[in-house]
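One file, entry_5.cif, carrying mmCIF, C-alpha atoms, pLDDT in the B column; chains and numbers go by the auth columns:
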```
data_run
loop_
_atom_site.group_PDB
_atom_site.id
_atom_site.type_symbol
_atom_site.label_atom_id
_atom_site.label_comp_id
_atom_site.label_asym_id
_atom_site.label_seq_id
_atom_site.Cartn_x
_atom_site.Cartn_y
_atom_site.Cartn_z
_atom_site.B_iso_or_equiv
_atom_site.auth_seq_id
_atom_site.auth_asym_id
ATOM 1 C CA GLU A 1 9.039 7.546 27.389 64.00 1 U
ATOM 2 C CA ALA A 2 5.301 7.123 27.952 79.00 2 U
ATOM 3 C CA GLY A 3 3.536 4.597 25.774 92.00 3 U
ATOM 4 C CA VAL A 4 0.184 4.816 24.092 96.00 4 U
ATOM 5 C CA VAL A 5 -2.481 5.728 26.635 95.00 5 U
ATOM 6 C CA GLN A 6 -6.095 4.653 26.336 96.00 6 U
ATOM 7 C CA SER A 7 -9.154 5.180 28.471 96.00 7 U
ATOM 8 C CA PRO A 8 -11.317 3.776 29.786 96.00 8 U
ATOM 9 C CA ARG A 9 -9.780 0.327 30.208 95.00 9 U
ATOM 10 C CA TYR A 10 -13.155 -1.322 30.585 96.00 10 U
ATOM 11 C CA LYS A 11 -16.647 -0.282 29.603 97.00 11 U
ATOM 12 C CA ILE A 12 -19.964 -2.070 30.053 97.00 12 U
ATOM 13 C CA ILE A 13 -23.031 -0.612 28.376 97.00 13 U
ATOM 14 C CA GLU A 14 -26.445 -1.706 27.259 97.00 14 U
ATOM 15 C CA LYS A 15 -27.188 -2.057 23.575 95.00 15 U
ATOM 16 C CA LYS A 16 -28.338 1.060 21.776 96.00 16 U
ATOM 17 C CA GLN A 17 -26.307 3.255 24.136 97.00 17 U
ATOM 18 C CA PRO A 18 -23.437 5.430 22.863 97.00 18 U
ATOM 19 C CA VAL A 19 -19.831 4.886 23.921 97.00 19 U
ATOM 20 C CA ALA A 20 -16.563 6.698 23.309 97.00 20 U
ATOM 21 C CA PHE A 21 -12.938 5.659 23.601 97.00 21 U
ATOM 22 C CA TRP A 22 -9.968 7.979 23.952 97.00 22 U
ATOM 23 C CA CYS A 23 -6.369 7.515 22.838 97.00 23 U
ATOM 24 C CA ASN A 24 -3.205 9.540 23.407 96.00 24 U
ATOM 25 C CA PRO A 25 -0.393 8.314 21.132 96.00 25 U
ATOM 26 C CA ILE A 26 3.322 8.297 21.835 95.00 26 U
ATOM 27 C CA SER A 27 4.647 11.840 21.663 93.00 27 U
ATOM 28 C CA GLY A 28 5.824 12.737 18.175 92.00 28 U
ATOM 29 C CA HIS A 29 4.045 9.857 16.457 95.00 29 U
ATOM 30 C CA ASN A 30 2.218 11.174 13.420 94.00 30 U
ATOM 31 C CA THR A 31 0.303 8.026 12.531 95.00 31 U
ATOM 32 C CA LEU A 32 -2.492 6.712 14.729 96.00 32 U
ATOM 33 C CA TYR A 33 -4.513 3.529 14.287 96.00 33 U
ATOM 34 C CA TRP A 34 -7.696 2.155 15.780 97.00 34 U
ATOM 35 C CA TYR A 35 -8.109 -1.624 15.767 97.00 35 U
ATOM 36 C CA ARG A 36 -10.803 -3.969 16.978 97.00 36 U
ATOM 37 C CA GLN A 37 -9.837 -7.350 18.376 96.00 37 U
ATOM 38 C CA ASN A 38 -12.384 -10.091 18.918 94.00 38 U
ATOM 39 C CA LEU A 39 -11.647 -12.969 21.245 91.00 39 U
ATOM 40 C CA GLY A 40 -9.228 -15.437 19.712 90.00 40 U
ATOM 41 C CA GLN A 41 -8.564 -13.222 16.700 93.00 41 U
ATOM 42 C CA GLY A 42 -5.905 -10.791 15.652 94.00 42 U
ATOM 43 C CA PRO A 43 -6.515 -7.039 15.605 95.00 43 U
ATOM 44 C CA GLU A 44 -8.449 -5.701 12.613 94.00 44 U
ATOM 45 C CA LEU A 45 -7.825 -2.181 11.403 94.00 45 U
ATOM 46 C CA LEU A 46 -10.753 0.220 11.668 96.00 46 U
ATOM 47 C CA ILE A 47 -9.119 3.515 10.729 95.00 47 U
ATOM 48 C CA ARG A 48 -5.677 5.039 10.207 95.00 48 U
ATOM 49 C CA TYR A 49 -4.798 8.701 10.693 95.00 49 U
ATOM 50 C CA GLU A 50 -1.812 10.559 9.379 93.00 50 U
ATOM 51 C CA ASN A 51 -1.752 13.655 11.541 91.00 51 U
ATOM 52 C CA GLU A 52 -5.382 14.775 11.591 91.00 52 U
ATOM 53 C CA GLU A 53 -6.330 13.211 8.256 92.00 53 U
ATOM 54 C CA ALA A 54 -8.125 9.875 8.095 92.00 54 U
ATOM 55 C CA VAL A 55 -6.298 8.172 5.220 88.00 55 U
ATOM 56 C CA ASP A 56 -7.824 4.701 5.494 86.00 56 U
ATOM 57 C CA ASP A 57 -11.289 4.228 6.990 88.00 57 U
ATOM 58 C CA SER A 58 -12.531 1.572 4.598 85.00 58 U
ATOM 59 C CA GLN A 59 -13.124 -0.936 7.412 87.00 59 U
ATOM 60 C CA LEU A 60 -14.950 1.495 9.694 91.00 60 U
ATOM 61 C CA PRO A 61 -18.713 0.781 9.872 89.00 61 U
ATOM 62 C CA LYS A 62 -19.733 4.319 9.143 88.00 62 U
ATOM 63 C CA ASP A 63 -23.389 3.907 9.994 93.00 63 U
ATOM 64 C CA ARG A 64 -22.578 3.725 13.703 95.00 64 U
ATOM 65 C CA PHE A 65 -18.858 4.344 14.140 96.00 65 U
ATOM 66 C CA SER A 66 -17.091 7.685 13.955 95.00 66 U
ATOM 67 C CA ALA A 67 -13.610 8.871 14.824 96.00 67 U
ATOM 68 C CA GLU A 68 -11.735 12.111 15.029 95.00 68 U
ATOM 69 C CA ARG A 69 -8.235 13.374 15.627 94.00 69 U
ATOM 70 C CA LEU A 70 -8.768 17.104 15.657 83.00 70 U
ATOM 71 C CA LYS A 71 -5.307 18.470 16.462 86.00 71 U
ATOM 72 C CA GLY A 72 -3.328 15.546 15.120 84.00 72 U
ATOM 73 C CA VAL A 73 -2.565 14.181 18.584 92.00 73 U
ATOM 74 C CA ASP A 74 -5.346 12.628 20.697 96.00 74 U
ATOM 75 C CA SER A 75 -8.114 10.682 19.051 97.00 75 U
ATOM 76 C CA THR A 76 -11.573 9.500 19.988 97.00 76 U
ATOM 77 C CA LEU A 77 -13.555 6.606 18.575 97.00 77 U
ATOM 78 C CA LYS A 78 -17.313 6.631 19.057 97.00 78 U
ATOM 79 C CA ILE A 79 -20.033 4.044 18.588 97.00 79 U
ATOM 80 C CA GLN A 80 -23.639 5.176 18.473 96.00 80 U
ATOM 81 C CA PRO A 81 -25.731 3.166 18.970 96.00 81 U
ATOM 82 C CA ALA A 82 -23.804 0.142 20.210 96.00 82 U
ATOM 83 C CA GLU A 83 -24.885 -3.360 19.231 96.00 83 U
ATOM 84 C CA LEU A 84 -24.236 -6.704 20.908 96.00 84 U
ATOM 85 C CA GLY A 85 -21.721 -7.614 18.204 95.00 85 U
ATOM 86 C CA ASP A 86 -19.586 -4.605 19.058 97.00 86 U
ATOM 87 C CA SER A 87 -18.296 -6.329 22.193 97.00 87 U
ATOM 88 C CA ALA A 88 -14.532 -6.537 21.667 97.00 88 U
ATOM 89 C CA VAL A 89 -11.247 -4.959 22.675 97.00 89 U
ATOM 90 C CA TYR A 90 -10.583 -1.646 20.936 98.00 90 U
ATOM 91 C CA LEU A 91 -6.880 -1.046 20.523 97.00 91 U
ATOM 92 C CA CYS A 92 -5.142 2.180 19.641 97.00 92 U
ATOM 93 C CA ALA A 93 -1.649 2.129 18.154 97.00 93 U
ATOM 94 C CA SER A 94 0.770 4.753 16.924 96.00 94 U
ATOM 95 C CA SER A 95 3.890 4.927 14.809 94.00 95 U
ATOM 96 C CA LEU A 96 6.363 7.632 13.957 93.00 96 U
ATOM 97 C CA LYS A 97 5.357 7.420 10.317 86.00 97 U
ATOM 98 C CA THR A 98 3.111 5.022 8.429 83.00 98 U
ATOM 99 C CA ALA A 99 5.975 2.703 7.464 80.00 99 U
ATOM 100 C CA ASP A 100 7.329 2.417 10.994 88.00 100 U
ATOM 101 C CA THR A 101 6.701 -0.090 13.759 91.00 101 U
ATOM 102 C CA GLN A 102 3.362 0.271 15.494 93.00 102 U
ATOM 103 C CA TYR A 103 3.142 0.430 19.278 95.00 103 U
ATOM 104 C CA PHE A 104 -0.116 -0.504 20.960 96.00 104 U
ATOM 105 C CA GLY A 105 -1.979 0.876 23.919 95.00 105 U
ATOM 106 C CA PRO A 106 -3.557 -1.384 26.562 93.00 106 U
ATOM 107 C CA GLY A 107 -6.948 -1.282 24.844 95.00 107 U
ATOM 108 C CA THR A 108 -10.517 -0.741 25.991 97.00 108 U
ATOM 109 C CA ARG A 109 -12.531 -3.874 26.630 96.00 109 U
ATOM 110 C CA LEU A 110 -16.130 -3.126 25.628 97.00 110 U
ATOM 111 C CA THR A 111 -19.004 -5.320 26.733 97.00 111 U
ATOM 112 C CA VAL A 112 -22.419 -4.610 25.250 97.00 112 U
ATOM 113 C CA LEU A 113 -25.314 -6.211 27.145 96.00 113 U
ATOM 114 C CA GLY B 1 -7.082 -10.279 -0.538 51.00 114 A
ATOM 115 C CA GLN B 2 -4.792 -11.329 2.255 65.00 115 A
ATOM 116 C CA ASN B 3 -4.582 -14.644 4.067 89.00 116 A
ATOM 117 C CA ILE B 4 -2.345 -15.042 7.056 95.00 117 A
ATOM 118 C CA ASP B 5 -2.243 -18.506 8.570 96.00 118 A
ATOM 119 C CA GLN B 6 -0.621 -19.690 11.770 97.00 119 A
ATOM 120 C CA PRO B 7 -1.316 -22.600 14.120 97.00 120 A
ATOM 121 C CA THR B 8 -3.980 -21.952 16.711 96.00 121 A
ATOM 122 C CA GLU B 9 -2.204 -23.486 19.671 97.00 122 A
ATOM 123 C CA MET B 10 1.187 -24.916 20.600 98.00 123 A
ATOM 124 C CA THR B 11 2.608 -26.394 23.775 97.00 124 A
ATOM 125 C CA ALA B 12 6.276 -26.621 24.737 97.00 125 A
ATOM 126 C CA THR B 13 8.415 -27.350 27.769 97.00 126 A
ATOM 127 C CA GLU B 14 10.367 -24.839 29.803 97.00 127 A
ATOM 128 C CA GLY B 15 13.947 -24.602 28.534 97.00 128 A
ATOM 129 C CA ALA B 16 13.093 -26.023 25.123 97.00 129 A
ATOM 130 C CA ILE B 17 12.973 -24.412 21.666 97.00 130 A
ATOM 131 C CA VAL B 18 9.731 -23.770 19.786 98.00 131 A
ATOM 132 C CA GLN B 19 9.113 -22.611 16.225 98.00 132 A
ATOM 133 C CA ILE B 20 5.871 -20.837 15.307 98.00 133 A
ATOM 134 C CA ASN B 21 5.173 -20.798 11.582 98.00 134 A
ATOM 135 C CA CYS B 22 3.264 -18.225 9.567 98.00 135 A
ATOM 136 C CA THR B 23 2.281 -18.382 5.909 97.00 136 A
ATOM 137 C CA TYR B 24 0.784 -15.490 4.050 96.00 137 A
ATOM 138 C CA GLN B 25 -0.684 -14.451 0.719 93.00 138 A
ATOM 139 C CA THR B 26 -0.768 -10.734 0.060 86.00 139 A
ATOM 140 C CA SER B 27 -1.122 -8.502 -2.950 84.00 140 A
ATOM 141 C CA GLY B 28 1.752 -6.335 -1.756 86.00 141 A
ATOM 142 C CA PHE B 29 4.480 -6.666 0.845 91.00 142 A
ATOM 143 C CA ASN B 30 6.253 -4.094 2.966 90.00 143 A
ATOM 144 C CA GLY B 31 7.408 -6.192 5.865 93.00 144 A
ATOM 145 C CA LEU B 32 6.418 -8.918 8.297 96.00 145 A
ATOM 146 C CA PHE B 33 6.059 -8.374 12.022 96.00 146 A
ATOM 147 C CA TRP B 34 5.773 -10.600 15.066 97.00 147 A
ATOM 148 C CA TYR B 35 3.994 -9.395 18.184 97.00 148 A
ATOM 149 C CA GLN B 36 3.593 -11.017 21.583 97.00 149 A
ATOM 150 C CA GLN B 37 0.299 -10.627 23.412 96.00 150 A
ATOM 151 C CA HIS B 38 -0.300 -11.800 26.956 95.00 151 A
ATOM 152 C CA ALA B 39 -3.906 -12.443 27.917 91.00 152 A
ATOM 153 C CA GLY B 40 -5.760 -9.201 28.525 87.00 153 A
ATOM 154 C CA GLU B 41 -2.830 -7.053 27.439 90.00 154 A
ATOM 155 C CA ALA B 42 -1.802 -5.126 24.336 90.00 155 A
ATOM 156 C CA PRO B 43 0.360 -6.655 21.604 94.00 156 A
ATOM 157 C CA THR B 44 4.034 -5.809 22.070 95.00 157 A
ATOM 158 C CA PHE B 45 6.484 -5.654 19.182 95.00 158 A
ATOM 159 C CA LEU B 46 8.988 -8.511 18.909 96.00 159 A
ATOM 160 C CA SER B 47 10.554 -8.466 15.455 95.00 160 A
ATOM 161 C CA TYR B 48 10.450 -7.148 11.924 94.00 161 A
ATOM 162 C CA ASN B 49 11.631 -8.724 8.665 95.00 162 A
ATOM 163 C CA VAL B 50 11.561 -7.074 5.276 94.00 163 A
ATOM 164 C CA LEU B 51 14.395 -8.970 3.572 95.00 164 A
ATOM 165 C CA ASP B 52 14.848 -12.730 3.353 96.00 165 A
ATOM 166 C CA GLY B 53 16.803 -14.339 6.121 96.00 166 A
ATOM 167 C CA LEU B 54 17.076 -14.600 9.856 96.00 167 A
ATOM 168 C CA GLU B 55 16.881 -11.741 12.345 94.00 168 A
ATOM 169 C CA GLU B 56 18.124 -12.605 15.813 93.00 169 A
ATOM 170 C CA LYS B 57 17.260 -10.695 18.956 89.00 170 A
ATOM 171 C CA GLY B 58 18.265 -12.415 22.161 93.00 171 A
ATOM 172 C CA ARG B 59 16.206 -15.545 22.729 96.00 172 A
ATOM 173 C CA PHE B 60 13.901 -14.681 19.833 96.00 173 A
ATOM 174 C CA SER B 61 14.672 -15.021 16.133 96.00 174 A
ATOM 175 C CA SER B 62 12.463 -14.464 13.109 97.00 175 A
ATOM 176 C CA PHE B 63 12.933 -15.810 9.600 98.00 176 A
ATOM 177 C CA LEU B 64 11.419 -14.669 6.327 98.00 177 A
ATOM 178 C CA SER B 65 11.185 -16.160 2.850 97.00 178 A
ATOM 179 C CA ARG B 66 9.326 -13.764 0.594 95.00 179 A
ATOM 180 C CA SER B 67 9.259 -16.143 -2.381 94.00 180 A
ATOM 181 C CA LYS B 68 7.537 -18.788 -0.252 95.00 181 A
ATOM 182 C CA GLY B 69 5.304 -16.396 1.658 96.00 182 A
ATOM 183 C CA TYR B 70 6.643 -17.909 4.856 96.00 183 A
ATOM 184 C CA SER B 71 7.987 -16.768 8.183 98.00 184 A
ATOM 185 C CA TYR B 72 8.714 -18.344 11.516 98.00 185 A
ATOM 186 C CA LEU B 73 9.380 -17.105 15.011 98.00 186 A
ATOM 187 C CA LEU B 74 11.903 -19.148 16.979 98.00 187 A
ATOM 188 C CA LEU B 75 11.903 -18.966 20.757 97.00 188 A
ATOM 189 C CA LYS B 76 14.889 -20.485 22.573 97.00 189 A
ATOM 190 C CA GLU B 77 15.373 -21.358 26.242 97.00 190 A
ATOM 191 C CA LEU B 78 11.657 -21.100 26.859 97.00 191 A
ATOM 192 C CA GLN B 79 10.511 -19.534 30.092 97.00 192 A
ATOM 193 C CA MET B 80 7.117 -19.737 31.763 97.00 193 A
ATOM 194 C CA LYS B 81 6.582 -16.041 31.036 96.00 194 A
ATOM 195 C CA ASP B 82 6.732 -16.812 27.299 97.00 195 A
ATOM 196 C CA SER B 83 3.230 -18.289 27.582 98.00 196 A
ATOM 197 C CA ALA B 84 1.262 -15.873 25.410 97.00 197 A
ATOM 198 C CA SER B 85 -0.267 -15.451 21.975 97.00 198 A
ATOM 199 C CA TYR B 86 2.101 -14.696 19.127 98.00 199 A
ATOM 200 C CA LEU B 87 0.697 -12.658 16.270 97.00 200 A
ATOM 201 C CA CYS B 88 2.100 -12.682 12.755 97.00 201 A
ATOM 202 C CA ALA B 89 1.306 -9.500 10.820 96.00 202 A
ATOM 203 C CA VAL B 90 2.021 -8.492 7.242 95.00 203 A
ATOM 204 C CA ARG B 91 2.176 -4.914 6.096 91.00 204 A
ATOM 205 C CA ASP B 92 1.009 -3.943 2.652 85.00 205 A
ATOM 206 C CA LEU B 93 -0.465 -0.460 2.781 80.00 206 A
ATOM 207 C CA ASP B 94 -1.847 -1.359 6.178 85.00 207 A
ATOM 208 C CA MET B 95 -1.080 -4.073 8.697 89.00 208 A
ATOM 209 C CA ARG B 96 -3.007 -7.332 8.571 92.00 209 A
ATOM 210 C CA PHE B 97 -2.781 -9.711 11.512 94.00 210 A
ATOM 211 C CA GLY B 98 -3.136 -13.428 11.746 95.00 211 A
ATOM 212 C CA ALA B 99 -5.398 -14.883 14.414 95.00 212 A
ATOM 213 C CA GLY B 100 -2.415 -15.625 16.636 96.00 213 A
ATOM 214 C CA THR B 101 -0.798 -18.762 18.038 97.00 214 A
ATOM 215 C CA ARG B 102 -1.430 -19.403 21.715 97.00 215 A
ATOM 216 C CA LEU B 103 1.743 -20.851 23.211 98.00 216 A
ATOM 217 C CA THR B 104 1.638 -22.654 26.544 98.00 217 A
ATOM 218 C CA VAL B 105 4.959 -23.312 28.257 97.00 218 A
ATOM 219 C CA LYS B 106 4.835 -26.152 30.763 96.00 219 A
ATOM 220 C CA PRO B 107 7.338 -26.900 33.558 95.00 220 A
#
```

Please express the file's structure as structure tokens.
Amino acid sequence: EAGVVQSPRYKIIEKKQPVAFWCNPISGHNTLYWYRQNLGQGPELLIRYENEEAVDDSQLPKDRFSAERLKGVDSTLKIQPAELGDSAVYLCASSLKTADTQYFGPGTRLTVL
Amino acid sequence: GQNIDQPTEMTATEGAIVQINCTYQTSGFNGLFWYQQHAGEAPTFLSYNVLDGLEEKGRFSSFLSRSKGYSYLLLKELQMKDSASYLCAVRDLDMRFGAGTRLTVKP
């Protein structure tokens, strides 16, 4: 069974540029999560989807971050414009349902110069 | 709010046993998870506790005491490949992670 797929794996951009990350969850998983992980820290939840509905986006900086999961499968996370402090690893995870174990993708390492 | 505390770093010897502790304070509780994360890789699921007691899975065991807000991950017969960060995470409505414990296994 394929795991959570994310692309790109690495991204280097200059500040004020836009960037987008893509995630394909494990087949059949209804719940999808986006996390941000800073160096030496644990992942921090940005947004949680149940099917195509964003049910928890309280930690998403809405002035510059946006996300969508249009058909309840793949999801994209966008930052526009990026700031230096956005440099981090962006992890996508999925679970069968909200109460189930989460499985993580390999992440996208973003560097903002 | 939620506080999840675990040691920043630990060192152990190949073949030995190591215990990584985690204490937490949460407004609600729906389970405690341990994940392993090698440098530059995604966290991978190790164990899940929702009731008090010990869960054993091969060389890894995890213990939970809900009344004490305490868990530990026990790694037996340490191997060099066990060098990684170990993340304690508590689920309320959402998952909250500790900062992780970086374990170094030495020959």

- Task: With a distance threshold of 12 Å and counting only C-alpha atoms, extract the residues of chain U near chain A and express them as number ranges by chain.
- Result: U: 3-6, 9-10, 31-49, 55-59, 88-93, 95, 98-109

Tell me which residues the PyMOL selection byres ((chain U and resi 62) around 12) grabs here, as a PDB file with C-alpha atoms, keeping the file's coordinate frame.
```pdb
ATOM      1  CA  LEU U  46     -10.753   0.220  11.668  1.00 96.00           C
ATOM      2  CA  ILE U  47      -9.119   3.515  10.729  1.00 95.00           C
ATOM      3  CA  ASP U  57     -11.289   4.228   6.990  1.00 88.00           C
ATOM      4  CA  SER U  58     -12.531   1.572   4.598  1.00 85.00           C
ATOM      5  CA  GLN U  59     -13.124  -0.936   7.412  1.00 87.00           C
ATOM      6  CA  LEU U  60     -14.950   1.495   9.694  1.00 91.00           C
ATOM      7  CA  PRO U  61     -18.713   0.781   9.872  1.00 89.00           C
ATOM      8  CA  ASP U  63     -23.389   3.907   9.994  1.00 93.00           C
ATOM      9  CA  ARG U  64     -22.578   3.725  13.703  1.00 95.00           C
ATOM     10  CA  PHE U  65     -18.858   4.344  14.140  1.00 96.00           C
ATOM     11  CA  SER U  66     -17.091   7.685  13.955  1.00 95.00           C
ATOM     12  CA  ALA U  67     -13.610   8.871  14.824  1.00 96.00           C
ATOM     13  CA  LEU U  77     -13.555   6.606  18.575  1.00 97.00           C
ATOM     14  CA  LYS U  78     -17.313   6.631  19.057  1.00 97.00           C
ATOM     15  CA  ILE U  79     -20.033   4.044  18.588  1.00 97.00           C
ATOM     16  CA  GLN U  80     -23.639   5.176  18.473  1.00 96.00           C
ATOM     17  CA  PRO U  81     -25.731   3.166  18.970  1.00 96.00           C
TER      18      PRO U  81
END
```

- How far is it from CA of Glu127 (chain A) to CA of Leu187 (chain A), in Å with one decimal? 14.1 Å

- Using all atoms listed in the file, determine which residues lie at most 8 Å from Ser178 (chain A), disregarding the query and same-chain residues fewer than 2 positions distant; provide the list as number ranges by chain. A: 164-166, 176, 180-184

- Item | Coordinates-based distance that separates CA of Asn116 (chain A) from CA of Tyr185 (chain A) (Å, one decimal) | 15.7 Å

- 7 Å contact set for Leu191 (chain A), all atoms listed in the file, chain neighbours under 3 positions out, as JSON, numbers by chain: {"A": [127, 128, 129, 130, 188, 195]}

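CA of Glu68 (chain U) lies 20.8 Å from CA of Ser87 (chain U).
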
Exercise on region 209-219 of chain A, axis-aligned box with 8 Å per side, report centre and edge lengths in Å to one decimal, as AutoDock Vina command-line options:
```
--center_x -0.2 --center_y -16.7 --center_z 19.7 --size_x 26.4 --size_y 34.8 --size_z 38.2
```

- Item | Explicit residues for the PyMOL selection byres ((chain U and resi 84) around 8) (as a PyMOL selection string) | chain U and resi 15+82-83+85-87+111-113

- Item | Selection near Leu96 (chain U), 7 Å with all atoms listed in the file, sequence-local residues under 5 positions removed, as a PyMOL selection string | chain U and resi 28-31

- Contacts of Leu70 (chain U) at 9 Å (only C-alpha atoms; same-chain gap of 5+ positions) as a ChimeraX atom specification: /U:51-53,75
